[in-house]
$ cat query.txt   # compact mmCIF, C-alpha atoms and all ligand atoms
# COMPACT_ATOMS: atom_id res chain seq x y z
CA MET B 70 115.50 47.20 -73.59
CA VAL B 71 119.21 46.51 -73.14
CA ARG B 72 120.22 43.70 -70.78
CA THR B 73 121.98 45.03 -67.70
CA TYR B 74 125.45 43.87 -66.70
CA PRO B 75 126.90 44.96 -63.33
CA GLU B 76 130.24 45.59 -65.08
CA LEU B 77 128.53 48.06 -67.38
CA LEU B 78 127.06 50.41 -64.78
CA SER B 79 127.19 54.01 -65.93
CA GLY B 80 130.08 56.13 -64.70
CA VAL B 81 129.78 59.61 -63.22
CA ASP B 82 131.83 61.71 -60.78
CA LEU B 83 129.70 62.92 -57.89
CA THR B 84 130.16 64.82 -54.62
CA PRO B 85 129.64 62.82 -51.36
CA ILE B 86 126.08 64.06 -50.79
CA HIS B 87 125.02 63.12 -54.32
CA ARG B 88 126.69 59.72 -54.19
CA LYS B 89 124.06 58.60 -51.68
CA MET B 90 121.18 59.36 -54.03
CA SER B 91 119.71 56.52 -56.11
CA PHE B 92 116.40 55.11 -57.32
CA GLU B 93 116.76 52.42 -54.64
CA ASN B 94 116.56 54.90 -51.74
CA PHE B 95 113.99 57.23 -53.36
CA GLU B 96 110.76 56.87 -51.40
CA VAL B 97 107.91 56.71 -53.91
CA THR B 98 104.66 58.37 -52.86
CA LYS B 99 101.46 59.45 -54.59
CA ARG B 100 102.92 62.93 -55.08
CA ASN B 101 106.15 61.91 -56.78
CA ARG B 102 105.21 58.64 -58.51
CA LYS B 103 104.79 60.19 -61.97
CA ALA B 104 108.17 61.98 -61.80
CA TYR B 105 109.78 58.76 -60.52
CA GLU B 106 108.33 56.64 -63.32
CA ILE B 107 109.26 59.12 -66.05
CA SER B 108 112.80 59.38 -64.61
CA LYS B 109 113.19 55.59 -64.62
CA GLU B 110 111.98 55.41 -68.19
CA TYR B 111 114.37 58.20 -69.18
CA SER B 112 117.33 56.31 -67.69
CA PHE B 113 116.63 53.41 -70.09
CA ASN B 114 116.27 55.67 -73.07
CA PRO B 115 117.51 59.23 -72.55
CA GLU B 116 116.23 61.41 -75.36
CA GLY B 117 115.87 65.19 -75.55
CA PHE B 118 115.30 67.38 -72.50
CA LEU B 119 113.85 66.25 -69.19
CA TYR B 120 112.89 69.32 -67.15
CA LEU B 121 112.19 68.60 -63.47
CA PHE B 122 110.85 71.57 -61.54
CA GLY B 123 109.42 72.09 -58.08
CA LYS B 124 110.04 73.61 -54.68
CA THR B 125 113.24 73.22 -52.72
CA GLY B 126 113.88 69.78 -51.20
CA CYS B 127 111.22 67.98 -53.24
CA GLY B 128 113.72 65.49 -54.77
CA LYS B 129 114.68 66.97 -58.17
CA THR B 130 118.44 66.49 -57.76
CA HIS B 131 117.87 63.07 -56.18
CA LEU B 132 115.99 61.91 -59.29
CA ALA B 133 118.43 63.52 -61.73
CA VAL B 134 121.43 61.85 -60.03
CA SER B 135 119.55 58.52 -59.92
CA ILE B 136 119.07 58.71 -63.69
CA LEU B 137 122.78 59.38 -64.32
CA LYS B 138 123.73 56.42 -62.16
CA SER B 139 121.30 54.06 -63.91
CA LEU B 140 121.88 54.93 -67.56
CA SER B 141 121.63 51.87 -69.77
CA PRO B 142 124.80 50.61 -71.45
CA ILE B 143 125.42 51.98 -74.94
CA LEU B 144 125.64 49.77 -78.03
CA TYR B 145 128.90 50.39 -79.95
CA PRO B 146 128.51 51.69 -83.52
CA LYS B 147 128.47 49.09 -86.31
CA ASN B 148 132.07 49.63 -87.52
CA VAL B 149 133.45 49.24 -83.97
CA LEU B 150 131.34 46.08 -83.47
CA THR B 151 132.68 44.51 -86.66
CA GLU B 152 136.27 45.16 -85.56
CA LYS B 153 135.67 43.92 -81.99
CA GLU B 154 133.95 40.78 -83.25
CA ARG B 155 136.85 40.02 -85.58
CA GLN B 156 139.40 40.47 -82.77
CA LEU B 157 137.43 38.22 -80.39
CA CYS B 158 136.97 35.46 -82.98
CA ASP B 159 140.68 35.61 -83.88
CA LEU B 160 141.60 35.33 -80.21
CA ILE B 161 139.32 32.31 -79.66
CA GLU B 162 140.74 30.62 -82.75
CA HIS B 163 144.28 31.38 -81.57
CA TYR B 164 143.73 29.81 -78.13
CA GLU B 165 142.00 26.79 -79.65
CA LYS B 166 145.11 26.01 -81.68
CA ILE B 167 147.46 26.04 -78.69
CA LYS B 168 147.73 22.99 -76.50
CA GLY B 169 146.85 23.65 -72.83
CA MET B 170 144.92 26.85 -73.65
CA LYS B 171 141.42 25.30 -73.69
CA LYS B 172 140.39 27.20 -70.56
CA GLU B 173 141.30 30.56 -72.15
CA ALA B 174 139.47 29.61 -75.36
CA ASP B 175 136.32 28.62 -73.39
CA CYS B 176 136.51 31.77 -71.30
CA HIS B 177 136.68 34.01 -74.40
CA ARG B 178 133.91 32.02 -76.11
CA ASP B 179 131.64 32.54 -73.06
CA PHE B 180 132.40 36.25 -73.17
CA TYR B 181 131.62 36.33 -76.88
CA GLU B 182 128.33 34.54 -76.34
CA SER B 183 127.36 36.81 -73.42
CA ASP B 184 126.97 39.75 -75.87
CA GLN B 185 128.43 42.05 -73.23
CA TRP B 186 131.26 43.10 -75.54
CA ARG B 187 128.74 44.82 -77.77
CA TYR B 188 128.13 47.50 -75.13
CA ARG B 189 130.09 50.11 -73.20
CA SER B 190 129.14 51.84 -69.95
CA ALA B 191 127.27 55.10 -70.39
CA LYS B 192 129.08 58.21 -69.21
CA GLY B 193 127.11 60.88 -67.38
CA PHE B 194 128.09 64.35 -66.19
CA PHE B 195 126.68 66.38 -63.30
CA LEU B 196 126.96 70.13 -63.85
CA LYS B 197 125.80 72.83 -61.46
CA SER B 198 124.22 75.63 -63.44
CA PHE B 199 126.27 78.34 -61.70
CA HIS B 200 129.50 76.40 -62.38
CA TYR B 201 128.59 76.43 -66.06
CA ILE B 202 127.97 80.18 -66.02
CA SER B 203 131.16 80.98 -64.12
CA ARG B 204 133.16 78.71 -66.46
CA LEU B 205 131.83 80.53 -69.52
CA SER B 206 132.30 83.93 -67.90
CA ASP B 207 135.96 83.06 -67.29
CA TYR B 208 136.59 83.24 -71.05
CA SER B 209 136.72 86.84 -72.13
CA GLY B 210 134.55 88.08 -75.01
CA TYR B 211 136.99 87.36 -77.84
CA GLU B 212 137.44 83.74 -76.69
CA ALA B 213 134.23 82.63 -78.38
CA ILE B 214 135.98 79.48 -79.62
CA SER B 215 136.89 78.43 -76.07
CA LYS B 216 133.27 78.86 -75.02
CA MET B 217 132.12 76.66 -77.90
CA ASN B 218 134.87 74.12 -77.18
CA TYR B 219 133.66 73.83 -73.61
CA ILE B 220 130.03 73.38 -74.71
CA ASN B 221 131.13 70.81 -77.30
CA SER B 222 133.07 68.89 -74.65
CA LEU B 223 129.79 68.54 -72.71
CA LYS B 224 128.20 66.97 -75.78
CA ASN B 225 130.67 64.08 -75.54
CA TYR B 226 128.79 62.68 -72.55
CA ASP B 227 125.88 60.31 -73.04
CA CYS B 228 123.73 62.40 -70.72
CA ILE B 229 124.30 65.49 -68.57
CA VAL B 230 122.45 67.06 -65.65
CA LEU B 231 122.19 70.84 -65.44
CA ASP B 232 121.33 71.29 -61.77
CA ASP B 233 119.67 74.35 -60.18
CA PHE B 234 118.98 76.11 -63.45
CA GLY B 235 117.47 79.56 -62.91
CA MET B 236 119.02 80.33 -59.52
CA GLU B 237 121.32 82.91 -61.13
CA LYS B 238 120.57 86.49 -62.08
CA PHE B 239 119.48 86.55 -65.70
CA THR B 240 121.76 89.25 -67.13
CA GLU B 241 121.97 89.54 -70.93
CA SER B 242 125.21 87.51 -71.01
CA VAL B 243 123.82 84.78 -68.70
CA LYS B 244 120.76 84.48 -70.97
CA HIS B 245 123.05 84.23 -73.99
CA TYR B 246 125.18 81.50 -72.36
CA PHE B 247 122.09 79.44 -71.58
CA TYR B 248 120.80 79.89 -75.10
CA MET B 249 124.13 78.68 -76.51
CA LEU B 250 124.05 75.52 -74.35
CA ILE B 251 120.39 74.66 -74.82
CA ASP B 252 120.46 75.30 -78.55
CA GLU B 253 123.60 73.17 -79.03
CA PHE B 254 121.99 70.23 -77.21
CA TYR B 255 118.71 70.80 -79.05
CA THR B 256 120.23 70.86 -82.53
CA GLY B 257 122.63 68.00 -81.71
CA GLN B 258 119.75 65.99 -80.19
CA LYS B 259 121.79 65.27 -77.07
CA PRO B 260 119.98 64.34 -73.85
CA MET B 261 119.96 66.74 -70.90
CA ILE B 262 118.20 66.65 -67.54
CA ILE B 263 117.51 70.09 -66.07
CA THR B 264 116.42 70.71 -62.47
CA SER B 265 114.95 74.05 -61.47
CA ASN B 266 112.81 75.83 -58.91
CA ARG B 267 111.25 77.78 -61.76
CA SER B 268 108.38 76.57 -63.92
CA ILE B 269 108.81 76.53 -67.69
CA VAL B 270 106.20 79.32 -67.87
CA GLU B 271 108.50 81.55 -65.80
CA ILE B 272 111.47 80.66 -68.00
CA ASN B 273 109.38 81.46 -71.05
CA ARG B 274 108.85 85.02 -69.79
CA ILE B 275 112.61 85.54 -69.46
CA MET B 276 114.08 83.40 -72.27
CA PRO B 277 111.36 82.30 -74.73
CA GLY B 278 113.83 80.66 -77.14
CA VAL B 279 115.29 78.52 -74.34
CA ALA B 280 111.88 77.60 -72.87
CA SER B 281 110.48 76.66 -76.28
CA ARG B 282 113.32 74.21 -76.98
CA ILE B 283 113.13 72.64 -73.51
CA ALA B 284 109.34 72.33 -73.71
CA GLU B 285 109.67 70.06 -76.73
CA GLY B 286 110.97 67.44 -74.30
CA LYS B 287 109.37 66.24 -71.05
CA VAL B 288 108.43 68.88 -68.46
CA ILE B 289 107.60 67.43 -65.05
CA HIS B 290 106.29 69.27 -62.02
CA LEU B 291 107.54 67.49 -58.89
CA ASP B 292 104.94 68.63 -56.40
CA ASP B 293 106.31 67.09 -53.21
CA ILE B 294 107.16 68.20 -49.65
CA ASP B 295 110.61 69.46 -48.60
CA HIS B 296 112.35 66.20 -47.67
CA ARG B 297 115.22 68.06 -46.00
CA ILE B 298 112.89 69.55 -43.39
CA ASN B 299 111.09 66.23 -43.07
CA LYS B 300 114.40 64.41 -42.45
CA GLY B 301 115.37 66.99 -39.80
CA ARG B 302 112.07 66.49 -37.98
CA ASN B 303 112.52 62.71 -37.86
CA GLN B 304 116.00 62.88 -36.40
N1 LIG T 401 111.32 60.79 -52.40
C1 LIG T 401 112.45 60.85 -51.67
N2 LIG T 401 112.86 59.77 -50.98
C2 LIG T 401 113.98 59.81 -50.22
N3 LIG T 401 114.74 60.91 -50.06
C3 LIG T 401 114.38 62.04 -50.73
C4 LIG T 401 113.22 62.06 -51.57
N4 LIG T 401 113.11 63.29 -52.09
C5 LIG T 401 114.15 63.98 -51.63
N5 LIG T 401 114.91 63.24 -50.80
C6 LIG T 401 116.11 63.66 -50.06
O1 LIG T 401 115.86 64.98 -49.59
C7 LIG T 401 117.00 65.81 -49.78
C8 LIG T 401 116.65 66.95 -50.74
O2 LIG T 401 116.40 66.41 -52.03
P1 LIG T 401 117.00 67.07 -53.35
O3 LIG T 401 118.38 67.53 -53.10
O4 LIG T 401 116.77 66.14 -54.45
O5 LIG T 401 116.02 68.33 -53.46
P2 LIG T 401 115.87 69.40 -54.64
O6 LIG T 401 114.48 69.29 -55.15
O7 LIG T 401 116.96 69.20 -55.60
O8 LIG T 401 116.02 70.76 -53.83
P3 LIG T 401 116.72 72.16 -54.25
O9 LIG T 401 115.74 72.87 -55.15
O10 LIG T 401 116.91 72.88 -52.96
O11 LIG T 401 118.00 71.86 -54.93
C9 LIG T 401 118.12 64.93 -50.28
O12 LIG T 401 118.86 64.45 -49.17
C10 LIG T 401 117.35 63.77 -50.94
O13 LIG T 401 118.11 62.57 -50.93
MG MG T 402 118.68 70.31 -56.07
$ encode --input "query.txt" --output "structure tokens" --more "lines below"
Ligand SMILES: Nc1ncnc2c1ncn2[C@@H]1O[C@H](COP(=O)(O)OP(=O)(O)OP(=O)(O)O)[C@@H](O)[C@H]1O
Ligand SMILES: [Mg+2]
Amino acid sequence: MVRTYPELLSGVDLTPIHRKMSFENFEVTKRNRKAYEISKEYSFNPEGFLYLFGKTGCGKTHLAVSILKSLSPILYPKNVLTEKERQLCDLIEHYEKIKGMKKEADCHRDFYESDQWRYRSAKGFFLKSFHYISRLSDYSGYEAISKMNYINSLKNYDCIVLDDFGMEKFTESVKHYFYMLIDEFYTGQKPMIITSNRSIVEINRIMPGVASRIAEGKVIHLDDIDHRINKGRNQ
């Protein structure tokens, strides 16, 4: 497991309500422990699909956002590391040669020895499913390249959340848009967290190709109470 550095916390743009959600304020109970533990594990090593489904208010979005916020730092590729290492060593050597620059040399040497320079912060993206569909629908039929460009731009993130999947009406074009997205992430082996009120069995009835690819990853039923109603009662 990668060491954690506060400076290397993952970055993600979130709306005010989602900003409050984190693993720290997720109340773990018997009913949600498994989903919590799998989500934590996924944040250390996001691979493939993580499909979280369950009734409204049970904590799916809370867990998905918590994962995005806690993604482990990413190790730079080898060629970048070689270049960074060379630059750092040159800089240390440079400061060592100049009188009165010992402090700078020590400071850079400490940084070099901390290993932190080998990593960058992970970058997550939170995407509402209906935003995705309306974005793709905005491009008219002949703009297939723009659709693919948009999907490819999503693959640049280290991990994305597709929130509220399955709330939309499954017209033929909506099914096609989901297939495009899921298949691109599947073939590119890019991680994606999906939250939904629908079970994978239901999705399989409507879009077998999509369900089959998702099911190769982790499918978790979050069988918990509606925390929104519970919160309201306690106020
Ligand atoms: N285990 C938990 N501990 C603390 N707060 C929780 C927990 N589960 C859910 N909540 C809170 O309850 C509210 C609803 O949770 P969340 O938005 O994650 O539900 P959801 O499963 O995504 O529901 P929906 O299907 O309607 O989108 C949020 O304010 C969330 O922070
Ligand atoms: Mg939700």
$ residues_around --input "query.txt" --residues "B:Pro115" --least-positions-apart "6" --cutoff "10 Å" --atoms "all atoms listed in the file" --output "JSON, numbers by chain"
{"B": [108, 109, 136, 137, 140, 141, 227, 228, 259, 260, 261, 262]}
$ write_last_selection --input "query.txt" --atoms "C-alpha atoms" --output "compact mmCIF listing (two decimals), in the frame of the given file"
# COMPACT_ATOMS: atom_id res chain seq x y z
CA SER B 108 112.80 59.38 -64.61
CA LYS B 109 113.19 55.59 -64.62
CA ILE B 136 119.07 58.71 -63.69
CA LEU B 137 122.78 59.38 -64.32
CA LEU B 140 121.88 54.93 -67.56
CA SER B 141 121.63 51.87 -69.77
CA ASP B 227 125.88 60.31 -73.04
CA CYS B 228 123.73 62.40 -70.72
CA LYS B 259 121.79 65.27 -77.07
CA PRO B 260 119.98 64.34 -73.85
CA MET B 261 119.96 66.74 -70.90
CA ILE B 262 118.20 66.65 -67.54
$ closest_residue --input "query.txt" --among "B:Phe199, B:Tyr111, B:Phe92, B:Tyr181" --to "B:His131" --atoms "all atoms listed in the file"
B:Phe92
$ atom_distance --input "query.txt" --atom1 "atom CA of B:Arg267" --atom2 "atom CA of B:Tyr208"
27.5 Å
$ residues_near_ligand --input "query.txt" --ligand "ligand MG 402 (chain T)" --cutoff "12 Å" --atoms "all atoms listed in the file" --output "PyMOL selection string"
chain B and resi 86-87+90+121-134+195-198+230-236+263-267+291+295-297
$ residues_near_point --input "query.txt" --point "(111.0, 73.9, -71.4)" --cutoff "9 Å" --atoms "only C-alpha atoms" --output "list in words"
Phe118, Leu119, Tyr120, Ser268, Ile269, Val270, Ile272, Asn273, Val279, Ala280, Ser281, Arg282, Ile283, Ala284, Glu285, Gly286, Lys287 and Val288 of chain B
$ write_last_selection --input "query.txt" --atoms "C-alpha atoms" --output "PDB file, in the frame of the given file"
ATOM      1  CA  PHE B 118     115.300  67.380 -72.500  1.00  0.00           C
ATOM      2  CA  LEU B 119     113.850  66.250 -69.190  1.00  0.00           C
ATOM      3  CA  TYR B 120     112.890  69.320 -67.150  1.00  0.00           C
ATOM      4  CA  SER B 268     108.380  76.570 -63.920  1.00  0.00           C
ATOM      5  CA  ILE B 269     108.810  76.530 -67.690  1.00  0.00           C
ATOM      6  CA  VAL B 270     106.200  79.320 -67.870  1.00  0.00           C
ATOM      7  CA  ILE B 272     111.470  80.660 -68.000  1.00  0.00           C
ATOM      8  CA  ASN B 273     109.380  81.460 -71.050  1.00  0.00           C
ATOM      9  CA  VAL B 279     115.290  78.520 -74.340  1.00  0.00           C
ATOM     10  CA  ALA B 280     111.880  77.600 -72.870  1.00  0.00           C
ATOM     11  CA  SER B 281     110.480  76.660 -76.280  1.00  0.00           C
ATOM     12  CA  ARG B 282     113.320  74.210 -76.980  1.00  0.00           C
ATOM     13  CA  ILE B 283     113.130  72.640 -73.510  1.00  0.00           C
ATOM     14  CA  ALA B 284     109.340  72.330 -73.710  1.00  0.00           C
ATOM     15  CA  GLU B 285     109.670  70.060 -76.730  1.00  0.00           C
ATOM     16  CA  GLY B 286     110.970  67.440 -74.300  1.00  0.00           C
ATOM     17  CA  LYS B 287     109.370  66.240 -71.050  1.00  0.00           C
ATOM     18  CA  VAL B 288     108.430  68.880 -68.460  1.00  0.00           C
TER      19      VAL B 288
END
$ axis_aligned_box --input "query.txt" --around "stretch 120-125 of chain B" --padding-each-side "6 Å" --output "lines of an AutoDock Vina configuration file"
center_x = 111.3
center_y = 71.1
center_z = -59.9
size_x = 15.8
size_y = 17.0
size_z = 26.4
$ closest_residue --input "query.txt" --among "B:Val243, B:Asp207, B:Ile143, B:Asp292" --to "ligand LIG 401 (chain T)" --atoms "all atoms listed in the file"
B:Asp292
$ residues_around --input "query.txt" --residues "B:Pro142" --least-positions-apart "4" --cutoff "6 Å" --atoms "only C-alpha atoms" --output "list in words"
Tyr188, Arg189, Ser190 and Ala191 of chain B
$ atom_distance --input "query.txt" --atom1 "atom CA of B:Ile220" --atom2 "atom CA of B:Phe254"
9.0 Å
$ atom_distance --input "query.txt" --atom1 "atom CA of B:Ala174" --atom2 "atom CA of B:Ile161"
5.1 Å
$ residues_near_point --input "query.txt" --point "(127.7, 84.7, -74.1)" --cutoff "9 Å" --atoms "all atoms listed in the file" --output "NGL selection string"
:B and (205-206 or 210 or 213 or 216 or 241-249)
$ closest_residue --input "query.txt" --among "B:Lys172, B:His163, B:Lys192, B:His290" --to "ligand LIG 401 (chain T)" --atoms "only C-alpha atoms and all ligand atoms"
B:His290
$ closest_residue --input "query.txt" --among "B:Thr256, B:Thr98, B:Ser139, B:Asn225" --to "B:Leu78" --atoms "all atoms listed in the file"
B:Ser139
$ closest_residue --input "query.txt" --among "B:Glu271, B:Glu93, B:Asp179, B:Glu110" --to "ligand LIG 401 (chain T)" --atoms "only C-alpha atoms and all ligand atoms"
B:Glu93
$ closest_residue --input "query.txt" --among "B:Lys168, B:Lys103, B:Lys147, B:His177" --to "B:Ile289" --atoms "all atoms listed in the file"
B:Lys103
